[in-house]
Structure formats: C-alpha cells, structure tokens
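Novice: One structure, as structure tokens, below. Some questions next.
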Amino acid sequence: MRIVDLVSTNESAIQQVATMLVESFAVNWPYAWPDLESALEEVRESFAADHISRIAFDQDRTVLGWVGGISQYSGHVWELYPLVVGVSQQGKGIGRALVADLEERLWDT
C-alpha cells in the first residue's frame, strides 16, 4: 500500500474515490452521497487550497481509501473530513494508516 496526494488530474482515482463514497456509506448513511454526481462534487471540493486530500492505493493502482483535511480557524485547527475505506478493504488498517499519514502531513505544515 502506498499513500499519496489525490490530485485533480488523476481522473481514474477521482472516479474510484467517488464510487467508494457512494458504496461505503450506502448502508449506514445513504443520504451522505446518494449518487456518483454528489460524490464527485465532494471529491473535487477537496482540491481547494485549504484542503489536504490523500489516497491509499495498491500495486494495481486501485484506490483502497481516502482521507481529507480541511483547515479551520485561520489554520489553527484541521478537521479530518472525510475518511472512507472501500467496503472490501475495511478492517485491514487502511483507515488507521490514512489518519496517521494525515497527522504526519499536518505536523509538517
């Protein structure tokens, strides 16, 4: 597994993340991202200057999970939002690794 920035030019990863949002939240929170369009909007918002957007992927470039951070209170606080791991990948430590990576990135800012 490798964790990198999700960038606006990586359309394949953007589509994978949006699909993951819809599928992963469908059971417990179906109105969060009820369709691909709303999920794509969420992903594209993560490219704003005051956001951090990171993805975990495997050797086949399949996205396993996504974590984001949003700067709040003039940069004094960061909100972790969102965090999602693919349904078939949950329980394998991917979310934990994404959160640790985000924390490390924030200490460097």
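To be explicit about the labels: the chains of the structure tokens are called A, B, and onward in the order shown, and within each one the residues are counted from 1, while ligands get numbers from 1 in the order they are shown.
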Residues near segment 47-61 of chain A, anyone? I mean within 7 Å using only C-alpha atoms, not counting same-chain ones fewer than 6 positions away, as an NGL selection string.
Specialist: :A and (1-6 or 8 or 67-71)
Novice: Could you give me the residues within segment 25-100 of chain A that DSSP places in helix (DSSP H, G or I), as a ChimeraX atom specification?
Specialist: /A:25,36-45,73-75,87-89,94-100
Novice: Tell me, as a list in words, which residues lie within 12 Å of Glu42 of chain A, counting only C-alpha atoms; anything in the same chain fewer than 6 positions away does not count.
Specialist: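 Neighbouring residues, sequence-local ones excluded: Ile14, Gln15, Val17, Ala18, Thr19, Met20, Leu21, Val22, Ala32, Trp33, Pro34, Asp35, Leu36, Ala48, His51, Ser53, Trp66, Gly68, Tyr81, Pro82 and Leu83 of chain A.
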Novice: Check the smallest atom-to-atom distance from each of A:Glu103, A:Leu64, A:Trp29, A:Leu80 to Gln16 of chain A using only C-alpha atoms, then report the winner.
Specialist: A:Leu64
Novice: With distances taken over only C-alpha atoms, which residue among A:Ala13, A:Val77, A:Val63, A:Val43 lies nearest Ile94 of chain A?
Specialist: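 Checking each of A:Ala13, A:Val77, A:Val63, A:Val43 against Ile94 of chain A, counting only C-alpha atoms, the winner is A:Val63.
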Novice: Could you pull out the residues in chain A that DSSP calls strand (DSSP E or B) from the backbone, as number ranges by chain?
Specialist: A: 2-5, 51-57, 63-72, 77-85
Novice: Ranking A:Ser38, A:Trp78, A:Ser12, A:Val84 by minimum distance to Phe25 of chain A and counting only C-alpha atoms, which one comes first?
Specialist: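 With only C-alpha atoms as the atom set, the closest residue is A:Val84.
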Novice: Between A:Gln72, A:Arg44, A:Gly65, A:Tyr31, which has the minimum distance to Ala97 of chain A (counting only C-alpha atoms)?
Specialist: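 Among the listed residues, the smallest separation from Ala97 of chain A belongs to A:Gly65.
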Novice: Find the distance between atom CA of Thr62 of chain A and atom CA of Gln89 of chain A and write it in Å to one decimal.
Specialist: 11.1 Å
Novice: Please determine, counting only C-alpha atoms, which residue among A:Glu37, A:Glu45, A:Gln90, A:Ser74 has the shortest atom-to-atom distance to Ser24 of chain A.
Specialist: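 Going through A:Glu37, A:Glu45, A:Gln90, A:Ser74 one by one, the smallest distance to Ser24 of chain A is for A:Gln90.
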Novice: If I take atom CA of Glu104 of chain A and atom CA of Gly91 of chain A, how far is one from the other in Å, to one decimal?
Specialist: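 Atom CA of Gly91 of chain A lies at a distance of 21.6 Å from atom CA of Glu104 of chain A.
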